[in-house]
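What follows is the content of data-v5.cif (mmCIF, C-alpha atoms).
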```cif
data_run
loop_
_atom_site.label_atom_id
_atom_site.label_comp_id
_atom_site.auth_asym_id
_atom_site.auth_seq_id
_atom_site.Cartn_x
_atom_site.Cartn_y
_atom_site.Cartn_z
CA MET F 105 -2.07 11.81 27.55
CA MET F 106 -1.79 8.09 26.92
CA ASP F 107 -4.66 7.26 29.30
CA GLU F 108 -6.96 9.67 27.48
CA LEU F 109 -5.94 8.26 24.10
CA LEU F 110 -6.54 4.66 25.17
CA LYS F 111 -9.92 5.57 26.64
CA SER F 112 -11.00 7.18 23.36
CA MET F 113 -9.68 4.21 21.36
CA LEU F 114 -11.73 1.80 23.47
CA GLU F 115 -14.87 3.80 22.73
CA GLU F 116 -14.21 3.29 19.01
CA ILE F 117 -13.18 -0.37 19.00
CA LYS F 118 -15.55 -1.98 21.52
CA PRO F 119 -18.60 -3.58 19.88
CA THR F 120 -21.88 -1.84 20.70
CA ARG F 121 -24.87 -3.52 22.29
CA LYS F 122 -26.58 -3.36 18.89
CA GLU F 123 -23.66 -5.21 17.28
CA ARG F 124 -23.74 -7.86 19.99
CA THR F 125 -27.47 -8.42 19.51
CA ARG F 126 -27.08 -8.78 15.74
CA GLU F 127 -24.12 -11.15 16.12
CA LYS F 128 -26.09 -13.35 18.52
CA THR F 129 -29.03 -13.52 16.11
CA ILE F 130 -26.81 -14.67 13.25
CA ILE F 131 -24.91 -17.16 15.40
CA ASP F 132 -28.18 -18.65 16.64
CA GLU F 133 -29.51 -18.95 13.09
CA VAL F 134 -26.45 -20.82 11.79
CA LYS F 135 -26.19 -22.98 14.91
CA GLY F 136 -29.87 -23.79 14.61
CA GLU F 137 -29.39 -25.06 11.04
CA LEU F 138 -26.46 -27.22 12.15
CA GLU F 139 -28.48 -28.65 15.00
CA LYS F 140 -31.30 -29.52 12.58
CA LEU F 141 -28.72 -31.73 10.84
CA GLY F 142 -27.96 -33.45 14.14
CA MET F 143 -24.63 -31.66 14.57
CA GLU F 144 -23.18 -30.40 17.86
CA ALA F 145 -21.94 -26.86 17.21
CA LEU F 146 -19.71 -24.71 19.40
CA LEU F 147 -18.92 -21.02 19.06
CA VAL F 148 -15.17 -20.45 19.41
CA GLY F 149 -12.70 -17.64 18.74
CA SER F 150 -12.90 -13.96 19.62
CA LEU F 151 -16.70 -13.70 19.56
CA ALA F 152 -17.00 -16.50 22.10
CA LYS F 153 -14.47 -14.73 24.32
CA LYS F 154 -15.85 -11.25 23.58
CA THR F 155 -12.39 -10.12 22.53
CA ASP F 156 -13.56 -9.14 19.04
CA LEU F 157 -13.24 -5.63 17.66
CA SER F 158 -16.14 -3.49 16.51
CA GLY F 159 -16.80 -4.14 12.84
CA ASP F 160 -15.05 -7.54 12.95
CA LYS F 161 -17.44 -9.69 10.95
CA ASP F 162 -15.97 -13.17 11.48
CA ILE F 163 -17.86 -15.94 13.24
CA ASP F 164 -16.20 -19.29 14.01
CA LEU F 165 -18.49 -22.25 14.57
CA PHE F 166 -16.96 -25.66 15.15
CA ILE F 167 -18.80 -28.93 14.55
CA LEU F 168 -17.76 -31.40 17.22
CA PHE F 169 -17.23 -35.02 16.14
CA ASP F 170 -16.61 -38.04 18.33
CA GLU F 171 -13.03 -39.29 18.09
CA SER F 172 -14.29 -42.64 16.81
CA VAL F 173 -15.19 -40.96 13.50
CA SER F 174 -12.51 -41.41 10.84
CA ARG F 175 -10.61 -38.37 9.58
CA GLU F 176 -11.99 -38.93 6.09
CA ASN F 177 -15.60 -39.02 7.36
CA LEU F 178 -15.04 -35.97 9.58
CA GLU F 179 -13.86 -33.93 6.61
CA GLU F 180 -16.58 -35.19 4.28
CA GLU F 181 -19.47 -34.84 6.75
CA GLY F 182 -18.21 -31.50 8.08
CA VAL F 183 -17.96 -29.92 4.64
CA GLU F 184 -21.30 -31.38 3.56
CA ALA F 185 -23.00 -30.01 6.68
CA GLY F 186 -21.56 -26.55 6.07
CA LYS F 187 -22.75 -26.53 2.47
CA LYS F 188 -26.27 -27.63 3.48
CA VAL F 189 -26.45 -24.93 6.17
CA PHE F 190 -25.61 -22.09 3.81
CA ASP F 191 -27.82 -23.49 1.07
CA SER F 192 -30.73 -23.48 3.52
CA LEU F 193 -29.91 -19.85 4.46
CA ASN F 194 -29.61 -18.85 0.79
CA ALA F 195 -26.04 -17.73 1.46
CA LYS F 196 -23.00 -17.98 -0.77
CA TYR F 197 -20.09 -20.06 0.45
CA GLU F 198 -16.72 -21.46 -0.56
CA ILE F 199 -14.46 -24.29 0.56
CA ASP F 200 -11.26 -23.19 2.26
CA TYR F 201 -8.36 -25.22 3.60
CA ALA F 202 -6.32 -25.19 6.78
CA GLU F 203 -5.14 -28.56 8.07
CA HIS F 204 -8.30 -29.93 6.49
CA PRO F 205 -11.14 -28.44 4.42
CA TYR F 206 -13.91 -26.34 5.94
CA VAL F 207 -16.73 -24.11 4.70
CA VAL F 208 -16.76 -20.31 4.76
CA GLY F 209 -20.22 -18.81 4.36
CA PHE F 210 -21.06 -15.19 3.59
CA TYR F 211 -24.25 -14.48 5.49
CA ARG F 212 -25.83 -11.10 6.28
CA GLY F 213 -22.51 -9.27 6.09
CA PHE F 214 -20.58 -11.84 8.16
CA ASN F 215 -17.94 -14.40 7.23
CA VAL F 216 -19.02 -17.57 9.01
CA ASP F 217 -16.48 -20.40 9.25
CA VAL F 218 -17.99 -23.84 9.82
CA VAL F 219 -15.11 -26.08 10.83
CA PRO F 220 -15.21 -29.77 11.75
CA CYS F 221 -13.03 -30.92 14.67
CA TYR F 222 -12.76 -33.73 17.17
CA LYS F 223 -14.30 -33.40 20.62
CA VAL F 224 -11.25 -34.62 22.53
CA GLY F 225 -9.10 -33.74 25.49
CA VAL F 226 -5.81 -31.93 24.93
CA GLU F 227 -3.88 -35.16 25.34
CA ASN F 228 -5.76 -36.75 22.41
CA ILE F 229 -5.59 -33.94 19.85
CA LYS F 230 -5.63 -35.26 16.29
CA SER F 231 -5.34 -32.00 14.34
CA SER F 232 -4.45 -28.39 15.16
CA VAL F 233 -8.09 -27.22 15.06
CA ASP F 234 -8.92 -29.60 17.92
CA ARG F 235 -7.03 -27.23 20.24
CA THR F 236 -9.22 -24.23 19.43
CA PRO F 237 -12.12 -25.09 21.79
CA HIS F 238 -9.54 -25.54 24.57
CA HIS F 239 -7.97 -22.18 23.72
CA THR F 240 -11.39 -20.55 23.93
CA SER F 241 -12.15 -22.14 27.32
CA TYR F 242 -8.75 -21.17 28.72
CA ILE F 243 -9.02 -17.47 27.75
CA LYS F 244 -12.66 -17.21 28.90
CA ARG F 245 -11.65 -18.62 32.29
CA LYS F 246 -8.78 -16.12 32.65
CA ILE F 247 -10.97 -13.16 31.66
CA ARG F 248 -13.69 -14.18 34.12
CA ALA F 249 -11.03 -13.96 36.85
CA ASN F 250 -9.94 -10.49 35.68
CA ARG F 251 -12.43 -8.72 33.42
CA VAL F 252 -10.10 -5.72 32.91
CA LEU F 253 -8.02 -7.94 30.61
CA ARG F 254 -10.69 -7.82 27.89
CA ASP F 255 -10.22 -4.09 27.21
CA GLU F 256 -6.43 -4.50 27.25
CA ILE F 257 -6.73 -7.27 24.66
CA LEU F 258 -8.89 -5.09 22.42
CA LEU F 259 -6.33 -2.27 22.58
CA LEU F 260 -3.46 -4.57 21.67
CA LYS F 261 -5.40 -6.14 18.80
CA GLN F 262 -6.23 -2.77 17.26
CA PHE F 263 -2.66 -1.53 17.76
CA MET F 264 -1.29 -4.60 15.99
CA LYS F 265 -3.79 -4.15 13.17
CA GLY F 266 -2.78 -0.52 12.83
CA VAL F 267 0.94 -1.25 12.56
CA GLY F 268 0.45 -4.23 10.22
CA VAL F 269 1.45 -7.17 12.41
CA TYR F 270 -1.95 -8.68 13.28
CA GLY F 271 -3.01 -11.93 11.67
CA ALA F 272 -1.49 -15.41 11.59
CA GLU F 273 -2.46 -16.04 7.97
CA THR F 274 0.32 -16.60 5.45
CA LYS F 275 -0.17 -13.15 3.95
CA ILE F 276 0.76 -11.42 7.21
CA GLN F 277 2.82 -13.97 9.22
CA GLY F 278 1.90 -11.97 12.29
CA PHE F 279 0.28 -12.36 15.70
CA SER F 280 -2.96 -14.31 15.96
CA GLY F 281 -5.83 -13.22 18.19
CA TYR F 282 -4.93 -16.01 20.61
CA LEU F 283 -1.33 -14.76 20.76
CA VAL F 284 -2.55 -11.25 21.57
CA GLU F 285 -4.58 -12.68 24.43
CA LEU F 286 -1.63 -14.68 25.75
CA LEU F 287 0.62 -11.62 25.66
CA VAL F 288 -1.86 -9.57 27.68
CA LEU F 289 -2.22 -12.44 30.18
CA SER F 290 1.58 -12.56 30.47
CA TYR F 291 2.23 -8.85 30.95
CA GLY F 292 -1.06 -7.72 32.48
CA SER F 293 -1.96 -4.86 30.19
CA PHE F 294 -1.64 -3.31 26.74
CA ARG F 295 1.07 -0.98 27.99
CA GLY F 296 2.84 -3.82 29.77
CA VAL F 297 3.10 -5.79 26.53
CA LEU F 298 4.57 -2.81 24.64
CA GLU F 299 7.09 -2.06 27.39
CA ALA F 300 8.21 -5.69 27.43
CA ALA F 301 8.36 -5.97 23.62
CA VAL F 302 10.83 -3.09 23.37
CA ASP F 303 13.38 -5.28 25.18
CA TRP F 304 12.64 -8.52 23.32
CA HIS F 305 15.48 -10.30 21.54
CA PHE F 306 15.05 -12.81 18.73
CA GLY F 307 14.47 -16.12 20.45
CA GLU F 308 12.56 -14.45 23.31
CA ILE F 309 10.79 -17.01 25.53
CA ILE F 310 7.41 -16.37 27.20
CA ASP F 311 5.64 -19.06 29.20
CA PRO F 312 2.20 -17.60 30.13
CA GLY F 313 0.98 -20.67 31.99
CA GLY F 314 4.25 -21.52 33.74
CA SER F 315 4.22 -24.84 31.91
CA TRP F 316 7.95 -25.48 32.22
CA ASP F 317 10.29 -25.46 35.24
CA SER F 318 13.22 -23.88 33.41
CA ILE F 319 14.05 -21.78 30.37
CA LYS F 320 16.75 -24.31 29.39
CA GLU F 321 14.10 -26.97 28.79
CA ILE F 322 12.23 -24.64 26.44
CA GLU F 323 15.43 -23.64 24.61
CA CYS F 324 16.20 -27.30 23.94
CA LEU F 325 12.71 -27.92 22.60
CA PHE F 326 12.48 -24.91 20.23
CA THR F 327 16.00 -24.40 18.97
CA GLU F 328 15.56 -22.04 16.00
CA ALA F 329 12.39 -20.05 16.77
CA ASP F 330 12.47 -16.24 16.57
CA LEU F 331 9.80 -15.93 19.26
CA ILE F 332 8.62 -18.63 21.65
CA ILE F 333 5.29 -18.31 23.44
CA ILE F 334 4.36 -21.57 25.11
CA ASP F 335 0.74 -22.57 24.57
CA PRO F 336 -0.75 -23.06 28.08
CA VAL F 337 -3.11 -25.64 26.58
CA ASP F 338 -0.26 -27.67 25.04
CA ARG F 339 3.17 -27.04 26.50
CA TYR F 340 4.90 -28.75 23.58
CA ARG F 341 3.54 -26.18 21.13
CA ASN F 342 5.06 -22.79 20.31
CA ALA F 343 1.99 -20.60 19.76
CA ALA F 344 4.22 -18.00 18.05
CA ALA F 345 5.73 -20.37 15.49
CA ALA F 346 3.99 -18.61 12.58
CA VAL F 347 5.23 -15.11 13.51
CA SER F 348 8.01 -13.98 11.17
CA ARG F 349 11.15 -12.18 12.29
CA GLN F 350 10.01 -9.20 10.18
CA ARG F 351 6.72 -8.85 12.12
CA ILE F 352 8.49 -9.18 15.46
CA ALA F 353 10.89 -6.39 14.48
CA LEU F 354 8.07 -4.20 13.19
CA PHE F 355 6.10 -4.65 16.40
CA LYS F 356 9.12 -3.82 18.57
CA PHE F 357 9.87 -0.70 16.54
CA ASN F 358 6.31 0.62 16.71
CA ALA F 359 5.96 -0.23 20.41
CA GLU F 360 9.03 1.88 21.16
CA ARG F 361 7.81 4.79 19.02
CA PHE F 362 4.33 4.70 20.55
CA LEU F 363 5.64 4.70 24.12
CA LYS F 364 7.75 7.76 23.33
CA LYS F 365 4.95 9.60 21.57
CA PRO F 366 1.47 8.01 21.71
CA GLY F 367 -0.88 8.74 18.84
CA ARG F 368 -4.07 7.64 17.13
CA LYS F 369 -2.17 6.82 13.92
CA TYR F 370 -0.84 3.61 15.49
CA PHE F 371 -4.39 2.31 15.87
CA PHE F 372 -5.91 3.85 12.76
CA PRO F 373 -3.18 4.77 10.25
CA PRO F 374 -4.20 7.38 7.67
CA ASN F 375 -4.79 6.22 4.10
CA GLN F 376 -1.66 6.34 1.98
CA LYS F 377 -1.58 8.64 -1.02
CA VAL F 378 -1.10 6.73 -4.27
CA PRO F 379 2.04 8.07 -5.99
CA SER F 380 1.93 9.21 -9.60
CA ILE F 381 3.60 7.24 -12.38
CA SER F 382 6.00 10.11 -13.04
CA GLU F 383 6.94 10.29 -9.36
CA ILE F 384 7.81 6.59 -9.28
CA ARG F 385 9.68 6.81 -12.61
CA ASP F 386 11.81 9.69 -11.34
CA VAL F 387 12.80 7.76 -8.21
CA MET F 388 13.57 4.59 -10.18
CA GLU F 389 15.82 6.48 -12.59
CA SER F 390 17.58 8.37 -9.77
CA ARG F 391 18.72 5.20 -7.99
CA GLY F 392 21.21 4.12 -10.66
CA THR F 393 20.03 0.51 -10.46
CA ARG F 394 18.13 -1.77 -12.85
CA PHE F 395 14.71 -3.31 -12.28
CA LEU F 396 13.57 -6.75 -13.43
CA LEU F 397 10.08 -8.06 -12.84
CA MET F 398 8.45 -11.45 -13.31
CA GLU F 399 4.73 -11.08 -13.97
CA PHE F 400 2.64 -14.19 -13.26
CA ASN F 401 -0.81 -14.55 -14.79
CA HIS F 402 -2.38 -17.52 -13.02
CA PRO F 403 -5.76 -19.11 -12.28
CA VAL F 404 -7.49 -18.18 -9.03
CA PHE F 405 -6.43 -20.38 -6.12
CA ASN F 406 -6.37 -20.26 -2.31
CA VAL F 407 -4.95 -16.92 -1.13
CA ASN F 408 -2.95 -18.42 1.76
CA SER F 409 -1.36 -20.88 -0.63
CA LEU F 410 -0.68 -18.06 -3.11
CA TYR F 411 1.34 -16.05 -0.58
CA SER F 412 3.21 -19.16 0.53
CA GLN F 413 4.08 -20.00 -3.08
CA LEU F 414 5.20 -16.45 -3.85
CA ARG F 415 7.60 -16.54 -0.90
CA LYS F 416 8.93 -19.93 -2.00
CA THR F 417 9.37 -18.73 -5.59
CA LEU F 418 11.05 -15.50 -4.54
CA LYS F 419 13.51 -17.35 -2.27
CA ALA F 420 14.39 -19.85 -5.02
CA THR F 421 14.94 -17.04 -7.54
CA GLU F 422 17.06 -15.02 -5.09
CA LEU F 423 19.37 -18.00 -4.52
CA LEU F 424 19.79 -18.63 -8.25
CA MET F 425 20.51 -14.96 -8.98
CA GLN F 426 23.09 -14.82 -6.18
CA GLU F 427 24.79 -18.02 -7.37
CA ARG F 428 25.31 -16.46 -10.81
CA GLY F 429 26.68 -13.21 -9.46
CA PHE F 430 23.67 -10.97 -10.14
CA ARG F 431 23.67 -9.08 -6.86
CA PHE F 432 20.52 -7.17 -5.97
CA VAL F 433 19.72 -4.31 -3.62
CA LYS F 434 16.34 -5.77 -2.68
CA SER F 435 13.54 -7.97 -3.93
CA SER F 436 9.89 -8.46 -3.04
CA TYR F 437 6.52 -9.67 -4.31
CA TRP F 438 2.99 -8.33 -4.81
CA THR F 439 -0.32 -9.88 -5.80
CA ASN F 440 -3.85 -8.72 -6.51
CA GLU F 441 -4.88 -11.95 -4.70
CA VAL F 442 -6.87 -13.06 -7.72
CA ASN F 443 -5.01 -13.80 -10.95
CA LEU F 444 -1.95 -11.56 -11.12
CA SER F 445 1.26 -11.71 -9.09
CA ILE F 446 4.62 -9.95 -9.34
CA ILE F 447 8.17 -10.70 -8.24
CA LEU F 448 10.41 -7.64 -8.43
CA PHE F 449 14.20 -7.32 -8.27
CA GLU F 450 16.21 -4.12 -7.99
CA LEU F 451 19.60 -5.16 -9.33
CA GLU F 452 22.94 -3.85 -8.21
CA VAL F 453 24.70 -5.96 -10.89
CA TYR F 454 22.83 -6.29 -14.18
CA ALA F 455 25.64 -7.34 -16.55
CA LEU F 456 28.77 -9.40 -15.91
CA PRO F 457 31.99 -9.91 -17.94
CA VAL F 458 32.03 -12.65 -20.55
CA ILE F 459 34.98 -14.28 -18.75
CA GLU F 460 34.58 -15.86 -15.32
CA LYS F 461 37.34 -17.14 -13.01
CA ARG F 462 36.91 -20.70 -11.72
CA LEU F 463 39.02 -21.95 -8.82
CA GLY F 464 40.39 -25.50 -8.99
CA PRO F 465 42.34 -27.72 -6.61
CA PRO F 466 45.65 -26.69 -5.01
CA ALA F 467 48.78 -28.10 -6.69
CA ASP F 468 49.52 -30.41 -3.73
CA LYS F 469 46.25 -32.32 -4.07
CA LYS F 470 45.84 -35.68 -5.82
CA GLU F 471 47.07 -35.66 -9.39
CA ALA F 472 43.75 -37.17 -10.53
CA ASP F 473 41.86 -34.15 -9.13
CA GLN F 474 44.25 -31.73 -10.81
CA SER F 475 44.04 -33.56 -14.14
CA ARG F 476 40.26 -33.65 -14.00
CA PHE F 477 40.15 -29.86 -13.57
CA ARG F 478 42.70 -29.22 -16.35
CA ASP F 479 40.83 -31.55 -18.72
CA LYS F 480 37.50 -29.87 -18.03
CA TYR F 481 38.79 -26.34 -18.60
CA GLN F 482 41.23 -25.86 -21.46
CA LYS F 483 42.78 -22.54 -20.42
CA THR F 484 44.15 -23.27 -16.97
CA TYR F 485 47.03 -21.76 -15.04
CA LEU F 486 48.55 -21.72 -11.57
CA GLU F 487 47.89 -18.80 -9.26
CA ASP F 488 49.38 -18.76 -5.79
CA GLY F 489 49.83 -22.52 -5.90
CA ARG F 490 46.30 -23.28 -7.06
CA TRP F 491 44.86 -24.21 -10.44
CA VAL F 492 42.61 -21.56 -11.96
CA ALA F 493 40.63 -21.43 -15.21
CA ASP F 494 39.29 -18.51 -17.23
CA THR F 495 35.94 -19.74 -18.56
CA VAL F 496 33.20 -18.25 -20.68
CA ARG F 497 30.26 -17.31 -18.49
CA GLU F 498 27.03 -19.07 -19.48
CA TYR F 499 24.83 -16.06 -18.65
CA ASN F 500 26.26 -12.57 -18.43
CA ALA F 501 23.00 -10.56 -18.54
CA ALA F 502 20.47 -10.69 -15.71
CA ARG F 503 17.44 -10.66 -18.00
CA GLN F 504 18.86 -13.54 -20.02
CA PHE F 505 19.33 -15.59 -16.87
CA MET F 506 15.90 -14.67 -15.47
CA GLU F 507 14.35 -15.94 -18.71
CA LYS F 508 16.14 -19.24 -18.09
CA ILE F 509 14.75 -19.31 -14.56
CA THR F 510 11.18 -18.81 -15.79
CA VAL F 511 11.60 -21.67 -18.28
CA ASP F 512 12.98 -24.14 -15.71
CA ARG F 513 10.89 -22.81 -12.76
CA LYS F 514 13.17 -24.65 -10.35
CA GLY F 515 11.95 -24.24 -6.77
CA PHE F 516 8.76 -22.36 -7.77
CA GLY F 517 5.49 -22.87 -5.90
CA ARG F 518 3.38 -25.60 -7.49
CA ASN F 519 0.63 -23.47 -9.04
CA LEU F 520 3.11 -20.84 -10.23
CA ARG F 521 5.25 -23.59 -11.72
CA GLU F 522 2.48 -25.56 -13.41
CA GLU F 523 -0.33 -23.14 -14.23
CA ALA F 524 1.06 -19.59 -14.58
CA LYS F 525 2.08 -17.70 -17.68
CA VAL F 526 5.19 -15.63 -16.93
CA GLU F 527 6.37 -12.47 -18.63
CA ILE F 528 9.56 -10.56 -17.82
CA LYS F 529 9.52 -6.77 -17.75
CA GLU F 530 12.47 -4.45 -17.35
CA GLY F 531 13.05 -0.89 -16.16
CA VAL F 532 10.10 1.47 -16.61
CA GLU F 533 8.16 -1.38 -18.26
CA VAL F 534 7.41 -2.21 -14.62
CA LEU F 535 5.08 0.79 -14.57
CA LYS F 536 2.73 -0.58 -17.25
CA LEU F 537 0.64 -2.10 -14.48
CA ARG F 538 -1.49 0.80 -13.20
CA ASP F 539 -3.16 -0.91 -10.24
CA ASP F 540 -3.29 1.44 -7.21
CA SER F 541 -2.33 -1.39 -4.87
CA PHE F 542 0.74 -2.12 -7.00
CA LEU F 543 1.72 1.55 -7.06
CA LEU F 544 1.50 1.63 -3.25
CA PHE F 545 3.67 -1.50 -3.20
CA LEU F 546 6.26 0.34 -5.35
CA LYS F 547 6.01 3.33 -3.03
CA ASP F 548 7.03 1.14 -0.08
CA PHE F 549 9.62 -0.74 -2.13
CA LEU F 550 11.32 2.50 -3.23
CA LEU F 551 10.86 4.26 0.12
CA ILE F 552 9.10 7.20 -1.52
#
```

Let's see the structure in the file written out as structure tokens.
Amino acid sequence: MMDELLKSMLEEIKPTRKERTREKTIIDEVKGELEKLGMEALLVGSLAKKTDLSGDKDIDLFILFDESVSRENLEEEGVEAGKKVFDSLNAKYEIDYAEHPYVVGFYRGFNVDVVPCYKVGVENIKSSVDRTPHHTSYIKRKIRANRVLRDEILLLKQFMKGVGVYGAETKIQGFSGYLVELLVLSYGSFRGVLEAAVDWHFGEIIDPGGSWDSIKEIECLFTEADLIIIDPVDRYRNAAAAVSRQRIALFKFNAERFLKKPGRKYFFPPNQKVPSISEIRDVMESRGTRFLLMEFNHPVFNVNSLYSQLRKTLKATELLMQERGFRFVKSSYWTNEVNLSIILFELEVYALPVIEKRLGPPADKKEADQSRFRDKYQKTYLEDGRWVADTVREYNAARQFMEKITVDRKGFGRNLREEAKVEIKEGVEVLKLRDDSFLLFLKDFLLI
């Protein structure tokens, strides 16, 4: 049954000859424009390795600079070349940022990244993008030695897309295309990867190129990583550093389920039904909790940075809420990726008593410490040999404290701290936003 399923999946996900011809035409056109500017351009990524999925419209072209060029000039000349190329092709483009700026053009239905990098050996890498041409060469060499690997890579990519763990970008924090390729090289097949993943533990170590003599050496080098996959091109780099614990767990869970009962839904999940407002309201009211939401209206800025800042802001807010005793069942965030973002808390404790107990020093400590505590808090008493004070709590309502948080914005992401307008909503007020994507987010949040 599984063999038949995988065969049918491959027929759907492998690019057709027509797609390949069209891709080559577009690549040649963009490369030709770069070469007119005197630039040396190299195709990298999945298209270069032919490990791209049907319908994947991303092309990665790197401009190779001599290492004698300064970083400042590389960035300036690389971006300028990208802009000129897309202007000459009458294509729209925008500037995006990774370790340094690059140009993303939108040409004939494709996203075309034009990225400057240094043409250097692995030992002289100056920025992370300099490794990419070496990654491409390494995978191409391995596939030439065993062409069956290409189909196995395609299957694993589509499976990871289907279960929501594919993509190294900040939004996903999942497995990059290069990681998928390394996993297939390590375990030999799509099925081999899934069978191995079921038994992974957090901190799992995989060394595809046999770069190290012992596991102990790797453990000492990457002490707190949730998954370690040694980059065969650079043995001091963990290629899985960007993969979150959540995505590892989700991949393991779905690998186990698929192996027990294979199905198309893992590769192509059905569209979710958007729940009705009344359905969500009923579930919210049935849980016996309280909901607080911070709604950020902000200018448009880089999507990767937006997700990073939302995570940072959520973590800072969680810590502050916990410190003040406002326990919560769960919290999460959502964004329309343009100008509106949400941080949502489902509170277990919404209101606290006016009085709060503060613990002071034991009675056998220095008299100065005891006196300092008694002077600070007027109503003090001894309890089990320790000074204690009953104090008036500064904030005893969660909404009141969240309003304070949004004023101070301590620990918020920079754009959300400096440029966003924030409004707090409570309870069913949360449902005033009628965006389908947000309703699907609530569906997942509430486990409807």

field: Output check: residues returned by the PyMOL selection byres ((chain F and resi 219-230) around 6), as an NGL selection string
entry: :F and (166-171 or 182 or 206 or 218 or 231 or 234)

Can you pull out every residue within 12 Å of Pro374 in chain F, counting only C-alpha atoms, but drop anything in the same chain fewer than 4 positions away, and send it as a PDB file with C-alpha atoms, in the frame of the given file?
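Final output, result-v1.pdb:
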```pdb
ATOM      1  CA  GLY F 266      -2.780  -0.520  12.830  1.00  0.00           C
ATOM      2  CA  VAL F 267       0.940  -1.250  12.560  1.00  0.00           C
ATOM      3  CA  GLY F 367      -0.880   8.740  18.840  1.00  0.00           C
ATOM      4  CA  ARG F 368      -4.070   7.640  17.130  1.00  0.00           C
ATOM      5  CA  LYS F 369      -2.170   6.820  13.920  1.00  0.00           C
ATOM      6  CA  TYR F 370      -0.840   3.610  15.490  1.00  0.00           C
TER       7      TYR F 370
END
```

query: Which is closest to Gly271 in chain F among F:Asn440, F:Asn194, F:Gln413, F:Asn408, if we use all atoms listed in the file?
result: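 Of F:Asn440, F:Asn194, F:Gln413, F:Asn408, the one nearest Gly271 in chain F, counting all atoms listed in the file, is F:Asn408.
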
Non-local contacts of range 121-134 of chain F (9 Å; only C-alpha atoms; under 3 positions in same chain excluded) as a ChimeraX atom specification: /F:137-139,147,151,158-159,161,163,165,189-190,193,211-212,214,216

query: Got a sec to resolve the PyMOL selection byres ((chain F and resi 339-342) around 9) on this structure and send the residues as a list in words?
result: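 Residues picked by the PyMOL selection byres ((chain F and resi 339-342) around 9): Asp311, Gly313, Ser315, Trp316, Ile322, Leu325, Phe326, Ala329, Leu331, Ile332, Ile333, Ile334, Asp335, Pro336, Val337, Asp338, Ala343, Ala344, Ala345 and Ala346 of chain F.
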
message: If we count all atoms listed in the file and set the cut-off at 7 Å, which residues sit around Phe430 in chain F, ignoring sequence neighbours fewer than 2 positions away in its own chain? Please answer as a PyMOL selection string.
response: chain F and resi 425-426+428+432+453-454+502

- request: Pick out the residues sitting within 10 Å of Pro366 in chain F, and hand them over as a list in words; count all atoms listed in the file, and ignore anything fewer than 6 positions along from it in its own chain.
  value: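 Counting only the stated atoms, we get Met105, Met106, Asp107, Leu109, Leu110, Ala359 and Glu360 of chain F.
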
task: Name the residues that the PyMOL selection byres ((chain F and resi 494) around 8) picks from the file above, as a PyMOL selection string, using the file's chain letters and numbers.
output: chain F and resi 459-462+481+483-484+492-493+495-496

Same residues, C-alpha atoms, output as a PDB file, in the frame of the given file:
```pdb
ATOM      1  CA  ILE F 459      34.980 -14.280 -18.750  1.00  0.00           C
ATOM      2  CA  GLU F 460      34.580 -15.860 -15.320  1.00  0.00           C
ATOM      3  CA  LYS F 461      37.340 -17.140 -13.010  1.00  0.00           C
ATOM      4  CA  ARG F 462      36.910 -20.700 -11.720  1.00  0.00           C
ATOM      5  CA  TYR F 481      38.790 -26.340 -18.600  1.00  0.00           C
ATOM      6  CA  LYS F 483      42.780 -22.540 -20.420  1.00  0.00           C
ATOM      7  CA  THR F 484      44.150 -23.270 -16.970  1.00  0.00           C
ATOM      8  CA  VAL F 492      42.610 -21.560 -11.960  1.00  0.00           C
ATOM      9  CA  ALA F 493      40.630 -21.430 -15.210  1.00  0.00           C
ATOM     10  CA  THR F 495      35.940 -19.740 -18.560  1.00  0.00           C
ATOM     11  CA  VAL F 496      33.200 -18.250 -20.680  1.00  0.00           C
TER      12      VAL F 496
END
```

Give me the range 461-502 of chain F side of the contact with range 508-521 of chain F, cut-off 12 Å, one line per residue showing its nearest atom pair and distance in Å at one decimal, counting all atoms listed in the file, sorted by chain and residue number, as a tab-separated table.
```
residue	atom	partner	partner_atom	distance
F:Glu498	CA	F:Lys508	CA	11.0
F:Tyr499	CA	F:Lys508	CA	9.3
F:Ala501	CA	F:Lys508	CA	11.1
F:Ala502	CA	F:Lys508	CA	9.9
```

Using the selection just defined, write its residues with C-alpha atoms as a tab-separated table (two decimals), in the coordinates of the input.
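again29.tsv, freshly written:
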```tsv
chain	number	residue	atom	x	y	z
F	498	GLU	CA	27.03	-19.07	-19.48
F	499	TYR	CA	24.83	-16.06	-18.65
F	501	ALA	CA	23.00	-10.56	-18.54
F	502	ALA	CA	20.47	-10.69	-15.71
```

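Of the residues under consideration (F:Phe405, F:Arg295, F:Ala467, F:Lys416), F:Phe405 shows the shortest atom-to-atom contact distance to Glu198 in chain F when counting only C-alpha atoms.
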
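Interatomic distance, CA of Lys275 in chain F against CA of Glu527 in chain F: 23.5 Å.
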
- prompt: From the set F:Glu181, F:Glu108, F:Glu285, F:Glu116, which residue has the shortest atom-to-atom contact distance to Gly149 in chain F, counting all atoms listed in the file?
  reply: F:Glu285

message: Would you pick out the contacts of Val148 in chain F at 10 Å or less, using all atoms listed in the file, so that residues sharing its chain but fewer than 2 positions from it are not included, and give the list as a PyMOL selection string?
response: chain F and resi 145-146+150-153+163-166+236-241

message: Please compute the CA of Ile257 in chain F-CA of Leu114 in chain F distance, one decimal, in Å.
response: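 Pair CA of Ile257 in chain F / CA of Leu114 in chain F returns 10.4 Å.
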
task: For CA of Arg351 in chain F and CA of Val269 in chain F, determine how far apart the two atoms are, in Å to one decimal place.
output: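 CA of Val269 in chain F lies 5.5 Å from CA of Arg351 in chain F.
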